[in-house]
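*Asks:* Can you read through this structure? Questions will come right after.
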Amino acid sequence: MSMLGRLFGFGRNQHYDRGISLFDQGLYEDAIGELSQSPHNGPDELTDRLASFYIAESYSNLGTSALYSRQYAPAREALGKALEINPHYADLHFHLARALRSCGVPEEALLEIEA
């Protein structure tokens with residue numbers, strides 16, 4: 001295992017490794033399932049943090065894909081889950097606001113824009 005591979009958590013956790021492989025293939029729902037099985041709060045804090053990041057990125061990708069496909073309710077759900085993990089991404093708040101507005105809740109959309 002290369003030093004860079006070890007830095008990014010590969011070879012430490014089989015669920016993490018499979019989850020990243022699935023993420024790289026664009027299979028985000030499957031990646032979420034594998035990465036969620038990765039033991040959190042374990043001895044390897046970096047891998048735990050990376051797993052959480054990739055779970056949020058998977059939800060973000062699912063949400064934006066649904067948004068562009070005009071499937072606003074699934075977009076709202078996925079983007080909301082991504083923001084639960086990483087609440088400081090302005091683009092996710094913007095995309096969620098678009099989904100909320102399209103779902104007919106403009107008041108909530110405005111709150112996301114303000115966030």
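Chains: A, B, ... in order of the structure tokens. Residues: from 1 per chain. Ligands: from 1, in order shown.
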Report as an MDAnalysis selection string all protein, DNA and RNA residues lying within 9 Å of stretch 53-65 of chain A, evaluated on only C-alpha atoms, omitting residues in the same chain fewer than 3 positions from it.
*Replies:* chainID A and resid 19:20 23 26:29 31:33 35:36 48:50 68:72 74:86 92 95:96
*Asks:* Could you write out that same residue set with N, CA, C and O atoms as a short mmCIF file (atom, residue, chain, number, x, y, z; two decimals), in the first residue's frame?
*Replies:*
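What follows is the written file again_16.cif:
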data_model
loop_
_atom_site.label_atom_id
_atom_site.label_comp_id
_atom_site.auth_asym_id
_atom_site.auth_seq_id
_atom_site.Cartn_x
_atom_site.Cartn_y
_atom_site.Cartn_z
N GLY A 19 -16.84 1.11 -0.34
CA GLY A 19 -17.63 2.32 -0.50
C GLY A 19 -16.98 3.33 -1.42
O GLY A 19 -17.64 3.92 -2.28
N ILE A 20 -15.68 3.49 -1.29
CA ILE A 20 -14.97 4.43 -2.16
C ILE A 20 -14.96 3.92 -3.60
O ILE A 20 -15.13 4.70 -4.55
N PHE A 23 -18.33 4.68 -4.94
CA PHE A 23 -18.43 6.13 -5.16
C PHE A 23 -17.76 6.51 -6.47
O PHE A 23 -18.31 7.26 -7.27
N GLY A 26 -19.76 5.94 -9.44
CA GLY A 26 -21.01 6.70 -9.52
C GLY A 26 -22.20 5.96 -8.94
O GLY A 26 -23.34 6.35 -9.17
N LEU A 27 -21.96 4.90 -8.19
CA LEU A 27 -23.03 4.12 -7.56
C LEU A 27 -23.23 4.64 -6.13
O LEU A 27 -22.86 3.99 -5.15
N TYR A 28 -23.83 5.81 -6.04
CA TYR A 28 -23.86 6.55 -4.79
C TYR A 28 -24.71 5.88 -3.71
O TYR A 28 -24.33 5.90 -2.54
N GLU A 29 -25.85 5.31 -4.07
CA GLU A 29 -26.68 4.66 -3.05
C GLU A 29 -25.95 3.46 -2.45
O GLU A 29 -25.99 3.26 -1.23
N ALA A 31 -22.71 3.11 -2.37
CA ALA A 31 -21.58 3.66 -1.62
C ALA A 31 -22.02 4.09 -0.23
O ALA A 31 -21.32 3.84 0.76
N ILE A 32 -23.19 4.72 -0.14
CA ILE A 32 -23.71 5.13 1.16
C ILE A 32 -23.89 3.92 2.06
O ILE A 32 -23.52 3.94 3.24
N GLY A 33 -24.43 2.84 1.51
CA GLY A 33 -24.63 1.63 2.29
C GLY A 33 -23.34 1.06 2.83
O GLY A 33 -23.25 0.70 4.02
N LEU A 35 -20.31 2.68 3.10
CA LEU A 35 -19.63 3.63 3.97
C LEU A 35 -20.33 3.76 5.32
O LEU A 35 -19.69 4.01 6.34
N SER A 36 -21.64 3.56 5.34
CA SER A 36 -22.38 3.62 6.60
C SER A 36 -22.05 2.44 7.50
O SER A 36 -22.21 2.52 8.71
N ASP A 48 -12.72 7.50 9.53
CA ASP A 48 -14.09 7.82 9.93
C ASP A 48 -14.53 9.16 9.33
O ASP A 48 -15.65 9.28 8.81
N ARG A 49 -13.67 10.14 9.39
CA ARG A 49 -14.01 11.46 8.85
C ARG A 49 -14.16 11.41 7.33
O ARG A 49 -15.06 12.03 6.77
N LEU A 50 -13.28 10.65 6.67
CA LEU A 50 -13.38 10.51 5.22
C LEU A 50 -14.66 9.77 4.83
O LEU A 50 -15.31 10.14 3.85
N TYR A 68 -31.75 18.07 -11.11
CA TYR A 68 -31.66 18.32 -12.55
C TYR A 68 -32.62 17.46 -13.35
O TYR A 68 -32.95 17.79 -14.49
N SER A 69 -33.08 16.36 -12.74
CA SER A 69 -34.08 15.50 -13.38
C SER A 69 -35.50 15.92 -13.02
O SER A 69 -36.46 15.23 -13.35
N ARG A 70 -35.62 17.03 -12.30
CA ARG A 70 -36.90 17.59 -11.86
C ARG A 70 -37.66 16.65 -10.93
O ARG A 70 -38.88 16.65 -10.90
N GLN A 71 -36.91 15.88 -10.15
CA GLN A 71 -37.49 15.03 -9.11
C GLN A 71 -37.21 15.74 -7.79
O GLN A 71 -36.24 15.43 -7.08
N TYR A 72 -38.06 16.69 -7.47
CA TYR A 72 -37.77 17.63 -6.40
C TYR A 72 -37.87 17.03 -4.99
O TYR A 72 -37.08 17.38 -4.13
N PRO A 74 -37.24 13.80 -3.98
CA PRO A 74 -36.01 13.06 -3.68
C PRO A 74 -34.79 13.97 -3.54
O PRO A 74 -33.90 13.72 -2.72
N ALA A 75 -34.77 15.05 -4.34
CA ALA A 75 -33.66 16.00 -4.23
C ALA A 75 -33.66 16.66 -2.86
O ALA A 75 -32.61 16.79 -2.22
N ARG A 76 -34.83 17.05 -2.41
CA ARG A 76 -34.97 17.68 -1.10
C ARG A 76 -34.47 16.75 0.01
O ARG A 76 -33.74 17.16 0.90
N GLU A 77 -34.85 15.48 -0.07
CA GLU A 77 -34.45 14.51 0.95
C GLU A 77 -32.94 14.29 0.94
O GLU A 77 -32.29 14.34 1.99
N ALA A 78 -32.37 14.05 -0.24
CA ALA A 78 -30.93 13.75 -0.32
C ALA A 78 -30.08 14.96 0.07
O ALA A 78 -29.10 14.83 0.81
N LEU A 79 -30.46 16.13 -0.40
CA LEU A 79 -29.69 17.33 -0.06
C LEU A 79 -29.80 17.65 1.43
O LEU A 79 -28.82 18.10 2.04
N GLY A 80 -30.96 17.40 2.00
CA GLY A 80 -31.11 17.60 3.44
C GLY A 80 -30.20 16.67 4.23
O GLY A 80 -29.59 17.09 5.23
N LYS A 81 -30.06 15.42 3.79
CA LYS A 81 -29.17 14.48 4.47
C LYS A 81 -27.71 14.91 4.32
O LYS A 81 -26.92 14.77 5.26
N ALA A 82 -27.36 15.41 3.15
CA ALA A 82 -25.98 15.89 2.95
C ALA A 82 -25.69 17.06 3.89
O ALA A 82 -24.61 17.13 4.49
N LEU A 83 -26.65 17.95 4.06
CA LEU A 83 -26.46 19.11 4.93
C LEU A 83 -26.45 18.73 6.41
O LEU A 83 -25.84 19.44 7.21
N GLU A 84 -27.09 17.64 6.77
CA GLU A 84 -27.01 17.17 8.15
C GLU A 84 -25.57 16.81 8.51
O GLU A 84 -25.13 17.01 9.64
N ILE A 85 -24.85 16.28 7.53
CA ILE A 85 -23.47 15.86 7.77
C ILE A 85 -22.52 17.04 7.62
O ILE A 85 -21.62 17.24 8.44
N ASN A 86 -22.70 17.82 6.56
CA ASN A 86 -21.82 18.97 6.28
C ASN A 86 -22.67 20.23 6.12
O ASN A 86 -23.00 20.61 5.00
N LEU A 92 -24.87 23.53 -1.35
CA LEU A 92 -25.91 22.58 -0.96
C LEU A 92 -27.15 23.32 -0.46
O LEU A 92 -28.28 22.92 -0.76
N HIS A 95 -28.92 24.59 -3.62
CA HIS A 95 -29.63 23.53 -4.33
C HIS A 95 -30.86 23.07 -3.54
O HIS A 95 -31.92 22.82 -4.12
N LEU A 96 -30.72 22.97 -2.21
CA LEU A 96 -31.88 22.60 -1.40
C LEU A 96 -32.96 23.67 -1.50
O LEU A 96 -34.16 23.34 -1.59
#
*Asks:* Could you jot down the atom CA of A:Glu114 to atom CA of A:Ser102 separation for me, Å, one decimal place?
*Replies:*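 Rounded to one decimal, the two atoms are 17.3 Å apart.
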*Asks:* List every residue of chain A that DSSP, applied to the backbone of this structure, places in helix (DSSP H, G or I), and write the result as number ranges by chain.
*Replies:* A: 3-7, 14-24, 28-37, 45-68, 72-85, 90-102, 106-114
*Asks:* Keeping only C-alpha atoms, write the selected residues to a file as a short mmCIF file (atom, residue, chain, number, x, y, z; two decimals), in the first residue's frame.
*Replies:*
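Dumped to again.cif:
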data_model
loop_
_atom_site.label_atom_id
_atom_site.label_comp_id
_atom_site.auth_asym_id
_atom_site.auth_seq_id
_atom_site.Cartn_x
_atom_site.Cartn_y
_atom_site.Cartn_z
CA MET A 3 1.77 6.11 1.56
CA LEU A 4 -0.88 8.15 -0.27
CA GLY A 5 -3.26 5.17 -0.18
CA ARG A 6 -2.76 4.81 3.55
CA LEU A 7 -3.31 8.54 4.02
CA GLN A 14 -13.10 -3.20 3.94
CA HIS A 15 -16.42 -1.31 4.01
CA TYR A 16 -14.61 1.97 3.44
CA ASP A 17 -12.61 0.51 0.56
CA ARG A 18 -15.72 -0.90 -1.14
CA GLY A 19 -17.63 2.32 -0.50
CA ILE A 20 -14.97 4.43 -2.16
CA SER A 21 -14.84 2.06 -5.11
CA LEU A 22 -18.61 2.34 -5.52
CA PHE A 23 -18.43 6.13 -5.16
CA ASP A 24 -15.82 6.29 -7.91
CA TYR A 28 -23.86 6.55 -4.79
CA GLU A 29 -26.68 4.66 -3.05
CA ASP A 30 -24.52 1.54 -2.80
CA ALA A 31 -21.58 3.66 -1.62
CA ILE A 32 -23.71 5.13 1.16
CA GLY A 33 -24.63 1.63 2.29
CA GLU A 34 -21.02 0.46 2.45
CA LEU A 35 -19.63 3.63 3.97
CA SER A 36 -22.38 3.62 6.60
CA GLN A 37 -21.22 0.17 7.69
CA GLU A 45 -10.37 8.84 13.12
CA LEU A 46 -9.16 9.96 9.68
CA THR A 47 -10.94 7.07 7.93
CA ASP A 48 -14.09 7.82 9.93
CA ARG A 49 -14.01 11.46 8.85
CA LEU A 50 -13.38 10.51 5.22
CA ALA A 51 -16.26 8.02 5.30
CA SER A 52 -18.60 10.75 6.60
CA PHE A 53 -17.36 13.13 3.91
CA TYR A 54 -18.01 10.60 1.14
CA ILE A 55 -21.45 9.78 2.53
CA ALA A 56 -22.31 13.48 2.37
CA GLU A 57 -20.85 13.76 -1.14
CA SER A 58 -22.91 10.75 -2.22
CA TYR A 59 -26.09 12.35 -0.90
CA SER A 60 -25.10 15.60 -2.58
CA ASN A 61 -24.60 13.88 -5.93
CA LEU A 62 -27.91 12.03 -5.60
CA GLY A 63 -29.67 15.25 -4.68
CA THR A 64 -28.27 17.37 -7.48
CA SER A 65 -28.93 14.60 -9.99
CA ALA A 66 -32.55 14.39 -8.82
CA LEU A 67 -32.83 18.18 -8.94
CA TYR A 68 -31.66 18.32 -12.55
CA TYR A 72 -37.77 17.63 -6.40
CA ALA A 73 -38.93 15.54 -3.42
CA PRO A 74 -36.01 13.06 -3.68
CA ALA A 75 -33.66 16.00 -4.23
CA ARG A 76 -34.97 17.68 -1.10
CA GLU A 77 -34.45 14.51 0.95
CA ALA A 78 -30.93 13.75 -0.32
CA LEU A 79 -29.69 17.33 -0.06
CA GLY A 80 -31.11 17.60 3.44
CA LYS A 81 -29.17 14.48 4.47
CA ALA A 82 -25.98 15.89 2.95
CA LEU A 83 -26.46 19.11 4.93
CA GLU A 84 -27.01 17.17 8.15
CA ILE A 85 -23.47 15.86 7.77
CA ALA A 90 -23.31 27.10 0.56
CA ASP A 91 -23.95 25.33 -2.74
CA LEU A 92 -25.91 22.58 -0.96
CA HIS A 93 -28.09 25.21 0.74
CA PHE A 94 -28.70 26.82 -2.66
CA HIS A 95 -29.63 23.53 -4.33
CA LEU A 96 -31.88 22.60 -1.40
CA ALA A 97 -33.57 26.00 -1.69
CA ARG A 98 -34.29 25.31 -5.37
CA ALA A 99 -35.78 21.93 -4.49
CA LEU A 100 -37.87 23.40 -1.67
CA ARG A 101 -39.20 26.16 -3.89
CA SER A 102 -40.16 23.60 -6.51
CA PRO A 106 -40.92 28.97 -0.53
CA GLU A 107 -40.65 29.98 3.13
CA GLU A 108 -38.27 27.09 3.81
CA ALA A 109 -36.41 27.89 0.59
CA LEU A 110 -35.76 31.43 1.82
CA LEU A 111 -34.37 30.06 5.09
CA GLU A 112 -31.90 27.94 3.11
CA ILE A 113 -30.83 30.95 1.04
CA GLU A 114 -30.24 32.88 4.26
#
